[in-house]
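Q: This is the content of query.cif (mmCIF, C-alpha atoms):
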data_upload
#
loop_
_atom_site.group_PDB
_atom_site.id
_atom_site.type_symbol
_atom_site.label_atom_id
_atom_site.label_comp_id
_atom_site.auth_asym_id
_atom_site.auth_seq_id
_atom_site.Cartn_x
_atom_site.Cartn_y
_atom_site.Cartn_z
ATOM 1 C CA MET A 1 88.828 -45.037 89.199
ATOM 2 C CA GLY A 2 87.435 -48.506 88.500
ATOM 3 C CA THR A 3 89.505 -51.555 87.608
ATOM 4 C CA GLY A 4 88.706 -51.237 83.902
ATOM 5 C CA GLU A 5 89.765 -47.581 83.889
ATOM 6 C CA ARG A 6 93.037 -48.396 85.676
ATOM 7 C CA THR A 7 93.821 -51.141 83.179
ATOM 8 C CA ARG A 8 93.102 -48.867 80.208
ATOM 9 C CA ALA A 9 95.150 -45.988 81.660
ATOM 10 C CA ARG A 10 98.074 -48.334 82.329
ATOM 11 C CA ARG A 11 98.216 -49.895 78.877
ATOM 12 C CA GLY A 12 97.251 -46.887 76.761
ATOM 13 C CA PRO A 13 94.969 -46.963 73.721
ATOM 14 C CA THR A 14 95.491 -48.892 70.520
ATOM 15 C CA ALA A 15 95.482 -46.991 67.222
ATOM 16 C CA GLU A 16 92.006 -48.345 66.528
ATOM 17 C CA GLU A 17 90.722 -47.209 69.939
ATOM 18 C CA LEU A 18 92.072 -43.729 69.280
ATOM 19 C CA ARG A 19 90.403 -43.626 65.862
ATOM 20 C CA SER A 20 87.122 -44.745 67.415
ATOM 21 C CA ALA A 21 87.307 -41.842 69.909
ATOM 22 C CA HIS A 22 86.981 -39.324 67.051
ATOM 23 C CA GLY A 23 83.855 -37.257 67.714
ATOM 24 C CA ALA A 24 83.470 -38.450 71.330
ATOM 25 C CA THR A 25 82.404 -35.908 73.932
ATOM 26 C CA ILE A 26 83.412 -35.536 77.579
ATOM 27 C CA PRO A 27 81.171 -34.154 80.333
ATOM 28 C CA ASP A 28 82.175 -30.798 81.757
ATOM 29 C CA VAL A 29 83.589 -30.685 85.295
ATOM 30 C CA LEU A 30 81.377 -28.151 87.054
ATOM 31 C CA GLY A 31 80.109 -27.106 90.455
ATOM 32 C CA PRO A 32 78.544 -24.130 92.195
ATOM 33 C CA GLY A 33 80.536 -21.023 93.075
ATOM 34 C CA LEU A 34 83.554 -21.654 90.841
ATOM 35 C CA ASN A 35 86.502 -19.270 91.143
ATOM 36 C CA VAL A 36 87.963 -20.360 87.791
ATOM 37 C CA LEU A 37 86.334 -22.127 84.857
ATOM 38 C CA PHE A 38 89.135 -23.494 82.662
ATOM 39 C CA CYS A 39 88.194 -23.815 79.011
ATOM 40 C CA GLY A 40 90.093 -26.010 76.589
ATOM 41 C CA ILE A 41 89.767 -25.876 72.817
ATOM 42 C CA ASN A 42 88.271 -29.361 72.433
ATOM 43 C CA PRO A 43 89.141 -32.872 73.629
ATOM 44 C CA GLY A 44 91.936 -34.735 71.899
ATOM 45 C CA LEU A 45 91.477 -38.366 70.927
ATOM 46 C CA TYR A 46 93.284 -39.610 74.037
ATOM 47 C CA SER A 47 90.866 -37.621 76.202
ATOM 48 C CA GLY A 48 87.948 -38.868 74.140
ATOM 49 C CA TRP A 49 89.124 -42.433 74.783
ATOM 50 C CA THR A 50 89.587 -41.989 78.550
ATOM 51 C CA GLY A 51 86.644 -39.658 79.159
ATOM 52 C CA HIS A 52 88.941 -37.273 81.048
ATOM 53 C CA HIS A 53 90.114 -33.771 80.214
ATOM 54 C CA PHE A 54 93.788 -33.114 79.368
ATOM 55 C CA ALA A 55 94.455 -36.865 79.568
ATOM 56 C CA ARG A 56 97.266 -37.377 77.058
ATOM 57 C CA PRO A 57 100.611 -38.145 78.733
ATOM 58 C CA GLY A 58 102.807 -35.095 78.263
ATOM 59 C CA ASN A 59 99.987 -32.582 78.632
ATOM 60 C CA ARG A 60 101.173 -29.965 81.124
ATOM 61 C CA PHE A 61 97.775 -28.934 82.523
ATOM 62 C CA TRP A 62 97.776 -31.098 85.667
ATOM 63 C CA PRO A 63 101.411 -30.478 86.723
ATOM 64 C CA ALA A 64 101.075 -26.747 86.030
ATOM 65 C CA LEU A 65 97.817 -26.596 88.003
ATOM 66 C CA HIS A 66 99.628 -28.021 91.023
ATOM 67 C CA ARG A 67 102.710 -25.831 90.642
ATOM 68 C CA ALA A 68 100.438 -22.784 90.559
ATOM 69 C CA GLY A 69 98.916 -23.806 93.918
ATOM 70 C CA PHE A 70 95.485 -24.736 92.602
ATOM 71 C CA THR A 71 95.743 -28.364 93.798
ATOM 72 C CA PRO A 72 97.604 -29.841 96.789
ATOM 73 C CA ARG A 73 99.341 -32.395 94.540
ATOM 74 C CA THR A 74 99.479 -33.265 90.844
ATOM 75 C CA LEU A 75 96.167 -34.899 90.065
ATOM 76 C CA ARG A 76 95.711 -37.683 87.548
ATOM 77 C CA PRO A 77 93.190 -36.890 84.795
ATOM 78 C CA GLY A 78 90.885 -39.534 86.306
ATOM 79 C CA GLU A 79 90.703 -37.398 89.472
ATOM 80 C CA GLN A 80 89.234 -34.411 87.606
ATOM 81 C CA ASP A 81 86.034 -34.519 89.663
ATOM 82 C CA GLU A 82 88.041 -33.344 92.689
ATOM 83 C CA LEU A 83 88.420 -29.881 91.125
ATOM 84 C CA PRO A 84 85.089 -28.271 92.129
ATOM 85 C CA ARG A 85 85.955 -28.679 95.816
ATOM 86 C CA TRP A 86 88.770 -26.172 95.163
ATOM 87 C CA GLY A 87 86.590 -23.809 93.147
ATOM 88 C CA LEU A 88 87.740 -25.076 89.744
ATOM 89 C CA GLY A 89 85.906 -26.405 86.694
ATOM 90 C CA ILE A 90 86.667 -27.501 83.128
ATOM 91 C CA THR A 91 84.755 -27.052 79.883
ATOM 92 C CA ASN A 92 85.645 -26.759 76.174
ATOM 93 C CA ILE A 93 84.899 -24.366 73.339
ATOM 94 C CA ALA A 94 84.018 -27.288 71.051
ATOM 95 C CA ALA A 95 82.697 -30.577 72.398
ATOM 96 C CA ARG A 96 83.863 -33.191 69.870
ATOM 97 C CA ALA A 97 87.184 -34.983 70.152
ATOM 98 C CA THR A 98 89.594 -34.621 67.222
ATOM 99 C CA ALA A 99 93.177 -35.626 66.521
ATOM 100 C CA ARG A 100 94.152 -31.960 66.129
ATOM 101 C CA ALA A 101 92.424 -28.712 67.062
ATOM 102 C CA ASP A 102 92.856 -27.432 63.501
ATOM 103 C CA GLU A 103 90.274 -30.031 62.403
ATOM 104 C CA LEU A 104 87.623 -27.757 63.908
ATOM 105 C CA THR A 105 85.969 -25.396 61.452
ATOM 106 C CA PRO A 106 85.797 -21.647 62.105
ATOM 107 C CA GLU A 107 82.014 -21.982 62.381
ATOM 108 C CA GLU A 108 82.376 -24.731 65.016
ATOM 109 C CA LEU A 109 84.618 -22.445 67.044
ATOM 110 C CA ARG A 110 82.245 -19.491 66.711
ATOM 111 C CA GLU A 111 79.242 -21.651 67.631
ATOM 112 C CA GLY A 112 81.218 -23.065 70.544
ATOM 113 C CA GLY A 113 81.994 -19.516 71.649
ATOM 114 C CA ARG A 114 78.297 -18.632 71.643
ATOM 115 C CA ALA A 115 77.438 -21.735 73.687
ATOM 116 C CA LEU A 116 80.281 -20.972 76.082
ATOM 117 C CA ALA A 117 78.923 -17.468 76.679
ATOM 118 C CA GLU A 118 75.563 -18.972 77.649
ATOM 119 C CA ARG A 119 77.293 -21.458 79.966
ATOM 120 C CA THR A 120 79.372 -18.829 81.739
ATOM 121 C CA GLU A 121 76.345 -16.581 82.179
ATOM 122 C CA ARG A 122 74.514 -19.456 83.855
ATOM 123 C CA LEU A 123 77.449 -20.611 86.025
ATOM 124 C CA ALA A 124 78.899 -17.152 86.820
ATOM 125 C CA PRO A 125 82.465 -18.265 87.695
ATOM 126 C CA GLY A 126 84.926 -15.654 88.937
ATOM 127 C CA VAL A 127 86.876 -15.848 85.670
ATOM 128 C CA LEU A 128 86.831 -17.800 82.416
ATOM 129 C CA ALA A 129 90.386 -19.024 81.715
ATOM 130 C CA VAL A 130 90.727 -20.031 78.051
ATOM 131 C CA LEU A 131 93.641 -22.402 77.351
ATOM 132 C CA GLY A 132 94.795 -21.482 73.858
ATOM 133 C CA VAL A 133 95.134 -18.034 72.324
ATOM 134 C CA THR A 134 94.677 -19.134 68.687
ATOM 135 C CA ALA A 135 91.325 -20.793 69.369
ATOM 136 C CA TYR A 136 90.249 -17.838 71.496
ATOM 137 C CA ARG A 137 90.976 -15.451 68.641
ATOM 138 C CA SER A 138 88.889 -17.556 66.237
ATOM 139 C CA ALA A 139 85.993 -18.308 68.588
ATOM 140 C CA PHE A 140 85.517 -14.720 69.732
ATOM 141 C CA GLY A 141 86.648 -12.665 66.746
ATOM 142 C CA ALA A 142 89.614 -11.218 68.641
ATOM 143 C CA PRO A 143 92.556 -11.509 66.218
ATOM 144 C CA LYS A 144 94.889 -9.355 68.320
ATOM 145 C CA ALA A 145 94.290 -11.121 71.658
ATOM 146 C CA ARG A 146 97.383 -12.005 73.677
ATOM 147 C CA ILE A 147 98.097 -14.234 76.663
ATOM 148 C CA GLY A 148 96.888 -12.632 79.893
ATOM 149 C CA PRO A 149 93.775 -10.937 81.257
ATOM 150 C CA GLN A 150 91.548 -9.533 78.522
ATOM 151 C CA GLU A 151 90.844 -6.101 79.935
ATOM 152 C CA ASP A 152 87.301 -4.811 79.355
ATOM 153 C CA VAL A 153 86.215 -8.161 77.840
ATOM 154 C CA ARG A 154 83.362 -10.201 79.282
ATOM 155 C CA ILE A 155 81.973 -13.508 78.025
ATOM 156 C CA GLY A 156 78.553 -14.174 79.471
ATOM 157 C CA GLY A 157 79.228 -11.329 81.890
ATOM 158 C CA VAL A 158 82.408 -13.024 83.167
ATOM 159 C CA PRO A 159 85.976 -11.640 82.935
ATOM 160 C CA VAL A 160 88.326 -13.546 80.637
ATOM 161 C CA TRP A 161 91.948 -14.616 80.957
ATOM 162 C CA VAL A 162 93.733 -16.244 78.012
ATOM 163 C CA LEU A 163 96.339 -18.854 78.927
ATOM 164 C CA PRO A 164 98.830 -20.909 76.891
ATOM 165 C CA ASN A 165 97.613 -24.205 75.462
ATOM 166 C CA PRO A 166 99.112 -26.858 77.805
ATOM 167 C CA SER A 167 99.398 -29.493 75.062
ATOM 168 C CA GLY A 168 102.832 -31.035 74.666
ATOM 169 C CA LEU A 169 102.681 -29.843 71.051
ATOM 170 C CA ASN A 170 102.951 -26.245 72.320
ATOM 171 C CA ALA A 171 106.645 -26.761 73.019
ATOM 172 C CA HIS A 172 107.716 -23.120 73.390
ATOM 173 C CA TRP A 173 105.682 -22.894 76.626
ATOM 174 C CA THR A 174 107.301 -24.943 79.425
ATOM 175 C CA ALA A 175 105.325 -26.388 82.331
ATOM 176 C CA ASP A 176 106.925 -23.796 84.632
ATOM 177 C CA ALA A 177 105.959 -20.922 82.328
ATOM 178 C CA ILE A 178 102.388 -22.203 82.090
ATOM 179 C CA ALA A 179 102.310 -22.565 85.881
ATOM 180 C CA GLY A 180 103.467 -18.960 86.186
ATOM 181 C CA GLU A 181 100.515 -17.769 84.116
ATOM 182 C CA LEU A 182 98.129 -19.961 86.128
ATOM 183 C CA ARG A 183 99.569 -18.535 89.347
ATOM 184 C CA ARG A 184 98.701 -15.011 88.154
ATOM 185 C CA VAL A 185 95.098 -16.137 87.655
ATOM 186 C CA ARG A 186 94.980 -17.639 91.129
ATOM 187 C CA GLU A 187 96.467 -14.530 92.737
ATOM 188 C CA ARG A 188 93.707 -12.408 91.239
ATOM 189 C CA HIS A 189 90.714 -14.762 91.348
ATOM 190 C CA GLY A 190 91.459 -17.320 94.071
ATOM 191 C CA GLY A 191 90.744 -21.032 94.004
ATOM 192 C CA GLY A 192 92.742 -23.933 95.318
ATOM 193 C CA PRO A 193 93.179 -25.341 98.836
ATOM 194 C CA ALA A 194 93.455 -22.795 101.623
ATOM 195 C CA GLY A 195 97.067 -21.827 102.079
ATOM 196 C CA GLY A 196 98.241 -23.834 99.067
ATOM 197 C CA CYS A 197 101.280 -22.396 97.336
ATOM 198 C CA GLY A 198 102.332 -24.971 94.750
ATOM 199 C CA ASP A 199 105.849 -26.366 94.736
#
Would it be possible to restate this file's structure as structure tokens?
A:
Amino acid sequence: MGTGERTRARRGPTAEELRSAHGATIPDVLGPGLNVLFCGINPGLYSGWTGHHFARPGNRFWPALHRAGFTPRTLRPGEQDELPRWGLGITNIAARATARADELTPEELREGGRALAERTERLAPGVLAVLGVTAYRSAFGAPKARIGPQEDVRIGGVPVWVLPNPSGLNAHWTADAIAGELRRVRERHGGGPAGGCGD
């Protein structure tokens, strides 16, 4: 993380900087031979401002990832490029940053789902782990989908697991409960440092 990034992360964005992040995109975190490709709905404005996935303070993704044993410690969002070394990647259904996921149109979600299927077919991860059941239902026309492995479902030829949205707005899922779901994914599909077991 460069000096400018550290300064920005320490002070946080102004309201104007957040507004200016609307519509920003963030590069995917990818690598060869991924065990798990995590898929968010779309970047929030805080992530659009930082250029890092799941960057807003209070998002439970990074702590839950560690507690599930996927990383040897809780990473900062700016360390996201460490993930491929442990067989992990991050992408999104929709690319543009918004203040709220419900700003995305149904067509954006469906188009994002089609693009995601092409991406997973090309990358061939062990599993596609979608973080957010509501967006999954909209993007893939699966109104009855529930949290957990989607038996007999493939996206781009890849098995699918639906996980809770780790946003702090999803208050009825605690970090420990999210970590428990992530741990189930890891037990079935691997990933993470050898011998890691979370905390």
Q: Please report as a tab-separated table every residue of region 70-159 of chain A lying within 8 Å of region 24-48 of chain A, along with the nearest atom pair and their distance in Å (one decimal), using all atoms listed in the file.
A:
residue	atom	partner	partner_atom	distance
A:Gln80	CA	A:Val29	CA	7.1
A:Asp81	CA	A:Val29	CA	6.3
A:Leu83	CA	A:Val29	CA	7.6
A:Pro84	CA	A:Gly31	CA	5.4
A:Gly87	CA	A:Leu34	CA	4.4
A:Leu88	CA	A:Val36	CA	5.1
A:Gly89	CA	A:Leu37	CA	4.7
A:Ile90	CA	A:Phe38	CA	4.7
A:Thr91	CA	A:Cys39	CA	4.8
A:Asn92	CA	A:Gly40	CA	4.5
A:Ile93	CA	A:Ile41	CA	5.1
A:Ala94	CA	A:Asn42	CA	4.9
A:Ala95	CA	A:Thr25	CA	5.6
A:Arg96	CA	A:Thr25	CA	5.1
A:Ala97	CA	A:Pro43	CA	4.5
A:Thr98	CA	A:Gly44	CA	5.2
A:Ala99	CA	A:Leu45	CA	5.5
A:Arg100	CA	A:Gly44	CA	6.8
A:Ala101	CA	A:Asn42	CA	6.8
A:Leu123	CA	A:Pro32	CA	7.2
A:Ala124	CA	A:Gly33	CA	7.5
A:Pro125	CA	A:Leu34	CA	4.8
A:Gly126	CA	A:Asn35	CA	4.5
A:Val127	CA	A:Val36	CA	5.1
A:Leu128	CA	A:Leu37	CA	5.0
A:Ala129	CA	A:Phe38	CA	4.7
A:Val130	CA	A:Cys39	CA	4.7
A:Leu131	CA	A:Gly40	CA	5.1
A:Gly132	CA	A:Ile41	CA	6.8
A:Ala135	CA	A:Ile41	CA	6.3
Q: Given the PyMOL selection byres ((chain A and resi 147-152) around 10) and the file above, list the residues it selects as a PyMOL selection string.
A: chain A and resi 127-134+145-146+153-154+159-164+181-182+184-185
Q: Would you put the residues from that selection into a file with C-alpha atoms, as a PDB file, keeping the file's coordinate frame?
A:
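Final output, saved to part-v9.pdb:
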ATOM      1  CA  VAL A 127      86.876 -15.848  85.670  1.00  0.00           C
ATOM      2  CA  LEU A 128      86.831 -17.800  82.416  1.00  0.00           C
ATOM      3  CA  ALA A 129      90.386 -19.024  81.715  1.00  0.00           C
ATOM      4  CA  VAL A 130      90.727 -20.031  78.051  1.00  0.00           C
ATOM      5  CA  LEU A 131      93.641 -22.402  77.351  1.00  0.00           C
ATOM      6  CA  GLY A 132      94.795 -21.482  73.858  1.00  0.00           C
ATOM      7  CA  VAL A 133      95.134 -18.034  72.324  1.00  0.00           C
ATOM      8  CA  THR A 134      94.677 -19.134  68.687  1.00  0.00           C
ATOM      9  CA  ALA A 145      94.290 -11.121  71.658  1.00  0.00           C
ATOM     10  CA  ARG A 146      97.383 -12.005  73.677  1.00  0.00           C
ATOM     11  CA  VAL A 153      86.215  -8.161  77.840  1.00  0.00           C
ATOM     12  CA  ARG A 154      83.362 -10.201  79.282  1.00  0.00           C
ATOM     13  CA  PRO A 159      85.976 -11.640  82.935  1.00  0.00           C
ATOM     14  CA  VAL A 160      88.326 -13.546  80.637  1.00  0.00           C
ATOM     15  CA  TRP A 161      91.948 -14.616  80.957  1.00  0.00           C
ATOM     16  CA  VAL A 162      93.733 -16.244  78.012  1.00  0.00           C
ATOM     17  CA  LEU A 163      96.339 -18.854  78.927  1.00  0.00           C
ATOM     18  CA  PRO A 164      98.830 -20.909  76.891  1.00  0.00           C
ATOM     19  CA  GLU A 181     100.515 -17.769  84.116  1.00  0.00           C
ATOM     20  CA  LEU A 182      98.129 -19.961  86.128  1.00  0.00           C
ATOM     21  CA  ARG A 184      98.701 -15.011  88.154  1.00  0.00           C
ATOM     22  CA  VAL A 185      95.098 -16.137  87.655  1.00  0.00           C
TER      23      VAL A 185
END
Q: Using all atoms listed in the file, find each residue in region 78-195 of chain A having at least one atom no more than 9 Å away from region 54-62 of chain A; report its shortest atom-to-atom pair and that distance in Å (one decimal), rows by chain then rising number, as CSV.
A:
residue,atom,partner,partner_atom,distance
A:Gly78,CA,A:Ala55,CA,8.1
A:Asn165,CA,A:Phe61,CA,8.5
A:Pro166,CA,A:Arg60,CA,5.0
A:Ser167,CA,A:Asn59,CA,4.8
A:Gly168,CA,A:Asn59,CA,5.1
A:Leu169,CA,A:Asn59,CA,8.5
A:Thr174,CA,A:Arg60,CA,8.1
A:Ala175,CA,A:Arg60,CA,5.6
A:Ile178,CA,A:Arg60,CA,7.9
A:Ala179,CA,A:Phe61,CA,8.5
Q: Now that the selection is made, can you save its residues with C-alpha atoms as an mmCIF file, keeping the file's coordinate frame?
A:
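Wrote again_23.cif, looks like this:
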data_model
loop_
_atom_site.group_PDB
_atom_site.id
_atom_site.type_symbol
_atom_site.label_atom_id
_atom_site.label_comp_id
_atom_site.auth_asym_id
_atom_site.auth_seq_id
_atom_site.Cartn_x
_atom_site.Cartn_y
_atom_site.Cartn_z
ATOM 1 C CA GLY A 78 90.885 -39.534 86.306
ATOM 2 C CA ASN A 165 97.613 -24.205 75.462
ATOM 3 C CA PRO A 166 99.112 -26.858 77.805
ATOM 4 C CA SER A 167 99.398 -29.493 75.062
ATOM 5 C CA GLY A 168 102.832 -31.035 74.666
ATOM 6 C CA LEU A 169 102.681 -29.843 71.051
ATOM 7 C CA THR A 174 107.301 -24.943 79.425
ATOM 8 C CA ALA A 175 105.325 -26.388 82.331
ATOM 9 C CA ILE A 178 102.388 -22.203 82.090
ATOM 10 C CA ALA A 179 102.310 -22.565 85.881
#
Q: Taking all atoms listed in the file into account, which of A:Thr120, A:Thr50, A:Thr74, A:Ser138 comes nearest Glu17 (chain A)?
A: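 For Glu17 (chain A), the nearest of the given residues is A:Thr50.
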Q: Would you compute an axis-aligned box for region 15-29 of chain A, covering every atom listed for it in the file with 6 Å of margin on each side, and report centre and edge lengths in Å to one decimal as JSON?
A:
{"center_x": 88.3, "center_y": -39.5, "center_z": 75.6, "size_x": 26.3, "size_y": 29.7, "size_z": 31.4}
Q: Could you check which of A:Gly113, A:Pro143, A:Gly180, A:Pro72 is closest to Gly192 (chain A), using only C-alpha atoms?
A: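 Going through A:Gly113, A:Pro143, A:Gly180, A:Pro72 one by one, the smallest distance to Gly192 (chain A) is for A:Pro72.
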Q: Could you jot down the CA of Pro63 (chain A) to CA of Leu18 (chain A) separation for me, Å, one decimal place?
A: 23.8 Å
Q: Just checking: using all atoms listed in the file, which residue out of A:Tyr136, A:Ala171, A:Asp176, A:Glu121 ends up closest to Val158 (chain A)?
A: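 Distance minimum relative to Val158 (chain A) lands on A:Glu121.
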Q: CA of Ile155 (chain A) and CA of Arg110 (chain A), how far apart in Å?
A: 12.8 Å
Q: Please indicate the distance in Å from CA of Gly69 (chain A) to CA of Arg188 (chain A), rounded to one decimal place.
A: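 Pair CA of Gly69 (chain A) / CA of Arg188 (chain A) returns 12.8 Å.
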Q: Emit region 65-75 of chain A of the structure in the block as a file comprising all heavy atoms, as an mmCIF file, in the first residue's frame.
A:
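The resulting file, selection-v2.cif, is shown below:
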data_model
loop_
_atom_site.group_PDB
_atom_site.id
_atom_site.type_symbol
_atom_site.label_atom_id
_atom_site.label_comp_id
_atom_site.auth_asym_id
_atom_site.auth_seq_id
_atom_site.Cartn_x
_atom_site.Cartn_y
_atom_site.Cartn_z
ATOM 1 N N LEU A 65 -13.506 -14.359 6.641
ATOM 2 C CA LEU A 65 -12.600 -15.157 5.817
ATOM 3 C C LEU A 65 -11.492 -15.760 6.692
ATOM 4 O O LEU A 65 -11.151 -16.945 6.562
ATOM 5 C CB LEU A 65 -12.002 -14.256 4.734
ATOM 6 C CG LEU A 65 -11.489 -14.908 3.458
ATOM 7 C CD1 LEU A 65 -12.617 -15.555 2.675
ATOM 8 C CD2 LEU A 65 -10.783 -13.867 2.588
ATOM 9 N N HIS A 66 -10.966 -14.951 7.597
ATOM 10 C CA HIS A 66 -9.927 -15.450 8.501
ATOM 11 C C HIS A 66 -10.485 -16.472 9.480
ATOM 12 O O HIS A 66 -9.897 -17.546 9.679
ATOM 13 C CB HIS A 66 -9.287 -14.285 9.255
ATOM 14 C CG HIS A 66 -8.384 -14.733 10.360
ATOM 15 N ND1 HIS A 66 -7.319 -15.579 10.157
ATOM 16 C CD2 HIS A 66 -8.404 -14.475 11.700
ATOM 17 C CE1 HIS A 66 -6.712 -15.818 11.305
ATOM 18 N NE2 HIS A 66 -7.362 -15.169 12.250
ATOM 19 N N ARG A 67 -11.616 -16.179 10.079
ATOM 20 C CA ARG A 67 -12.193 -17.105 11.063
ATOM 21 C C ARG A 67 -12.535 -18.455 10.440
ATOM 22 O O ARG A 67 -12.535 -19.474 11.128
ATOM 23 C CB ARG A 67 -13.441 -16.489 11.696
ATOM 24 C CG ARG A 67 -13.133 -15.311 12.585
ATOM 25 C CD ARG A 67 -14.376 -14.696 13.157
ATOM 26 N NE ARG A 67 -14.076 -13.383 13.701
ATOM 27 C CZ ARG A 67 -14.967 -12.601 14.283
ATOM 28 N NH1 ARG A 67 -16.222 -12.991 14.412
ATOM 29 N NH2 ARG A 67 -14.618 -11.420 14.744
ATOM 30 N N ALA A 68 -12.815 -18.450 9.150
ATOM 31 C CA ALA A 68 -13.113 -19.709 8.451
ATOM 32 C C ALA A 68 -11.855 -20.479 8.070
ATOM 33 O O ALA A 68 -11.948 -21.608 7.592
ATOM 34 C CB ALA A 68 -13.928 -19.412 7.194
ATOM 35 N N GLY A 69 -10.666 -19.881 8.284
ATOM 36 C CA GLY A 69 -9.412 -20.559 7.970
ATOM 37 C C GLY A 69 -8.896 -20.316 6.572
ATOM 38 O O GLY A 69 -7.919 -20.940 6.156
ATOM 39 N N PHE A 70 -9.522 -19.403 5.842
ATOM 40 C CA PHE A 70 -9.064 -19.126 4.478
ATOM 41 C C PHE A 70 -7.798 -18.278 4.446
ATOM 42 O O PHE A 70 -7.048 -18.312 3.475
ATOM 43 C CB PHE A 70 -10.156 -18.414 3.682
ATOM 44 C CG PHE A 70 -11.174 -19.327 3.059
ATOM 45 C CD1 PHE A 70 -12.507 -19.231 3.413
ATOM 46 C CD2 PHE A 70 -10.816 -20.264 2.103
ATOM 47 C CE1 PHE A 70 -13.465 -20.055 2.827
ATOM 48 C CE2 PHE A 70 -11.760 -21.092 1.512
ATOM 49 C CZ PHE A 70 -13.092 -20.988 1.874
ATOM 50 N N THR A 71 -7.576 -17.449 5.466
ATOM 51 C CA THR A 71 -6.370 -16.612 5.516
ATOM 52 C C THR A 71 -5.721 -16.758 6.890
ATOM 53 O O THR A 71 -6.413 -17.017 7.883
ATOM 54 C CB THR A 71 -6.715 -15.123 5.267
ATOM 55 O OG1 THR A 71 -7.652 -14.669 6.254
ATOM 56 C CG2 THR A 71 -7.299 -14.917 3.874
ATOM 57 N N PRO A 72 -4.399 -16.617 6.977
ATOM 58 C CA PRO A 72 -3.711 -16.843 8.249
ATOM 59 C C PRO A 72 -3.938 -15.732 9.269
ATOM 60 O O PRO A 72 -3.639 -15.889 10.448
ATOM 61 C CB PRO A 72 -2.237 -16.926 7.848
ATOM 62 C CG PRO A 72 -2.143 -16.150 6.578
ATOM 63 C CD PRO A 72 -3.450 -16.353 5.877
ATOM 64 N N ARG A 73 -4.464 -14.604 8.832
ATOM 65 C CA ARG A 73 -4.801 -13.481 9.698
ATOM 66 C C ARG A 73 -5.878 -12.677 8.983
ATOM 67 O O ARG A 73 -6.162 -12.922 7.813
ATOM 68 C CB ARG A 73 -3.578 -12.605 9.985
ATOM 69 C CG ARG A 73 -2.957 -12.026 8.733
ATOM 70 C CD ARG A 73 -1.690 -11.218 9.018
ATOM 71 N NE ARG A 73 -1.034 -10.844 7.788
ATOM 72 C CZ ARG A 73 -1.408 -9.839 6.990
ATOM 73 N NH1 ARG A 73 -2.453 -9.084 7.328
ATOM 74 N NH2 ARG A 73 -0.755 -9.577 5.886
ATOM 75 N N THR A 74 -6.461 -11.702 9.668
ATOM 76 C CA THR A 74 -7.456 -10.848 9.025
ATOM 77 C C THR A 74 -6.742 -9.859 8.118
ATOM 78 O O THR A 74 -5.955 -9.030 8.595
ATOM 79 C CB THR A 74 -8.295 -10.090 10.068
ATOM 80 O OG1 THR A 74 -8.955 -11.039 10.912
ATOM 81 C CG2 THR A 74 -9.343 -9.220 9.385
ATOM 82 N N LEU A 75 -6.980 -9.986 6.831
ATOM 83 C CA LEU A 75 -6.353 -9.082 5.877
ATOM 84 C C LEU A 75 -7.064 -7.739 5.857
ATOM 85 O O LEU A 75 -8.266 -7.644 6.128
ATOM 86 C CB LEU A 75 -6.404 -9.683 4.464
ATOM 87 C CG LEU A 75 -5.712 -11.022 4.225
ATOM 88 C CD1 LEU A 75 -5.807 -11.392 2.752
ATOM 89 C CD2 LEU A 75 -4.262 -10.991 4.670
#
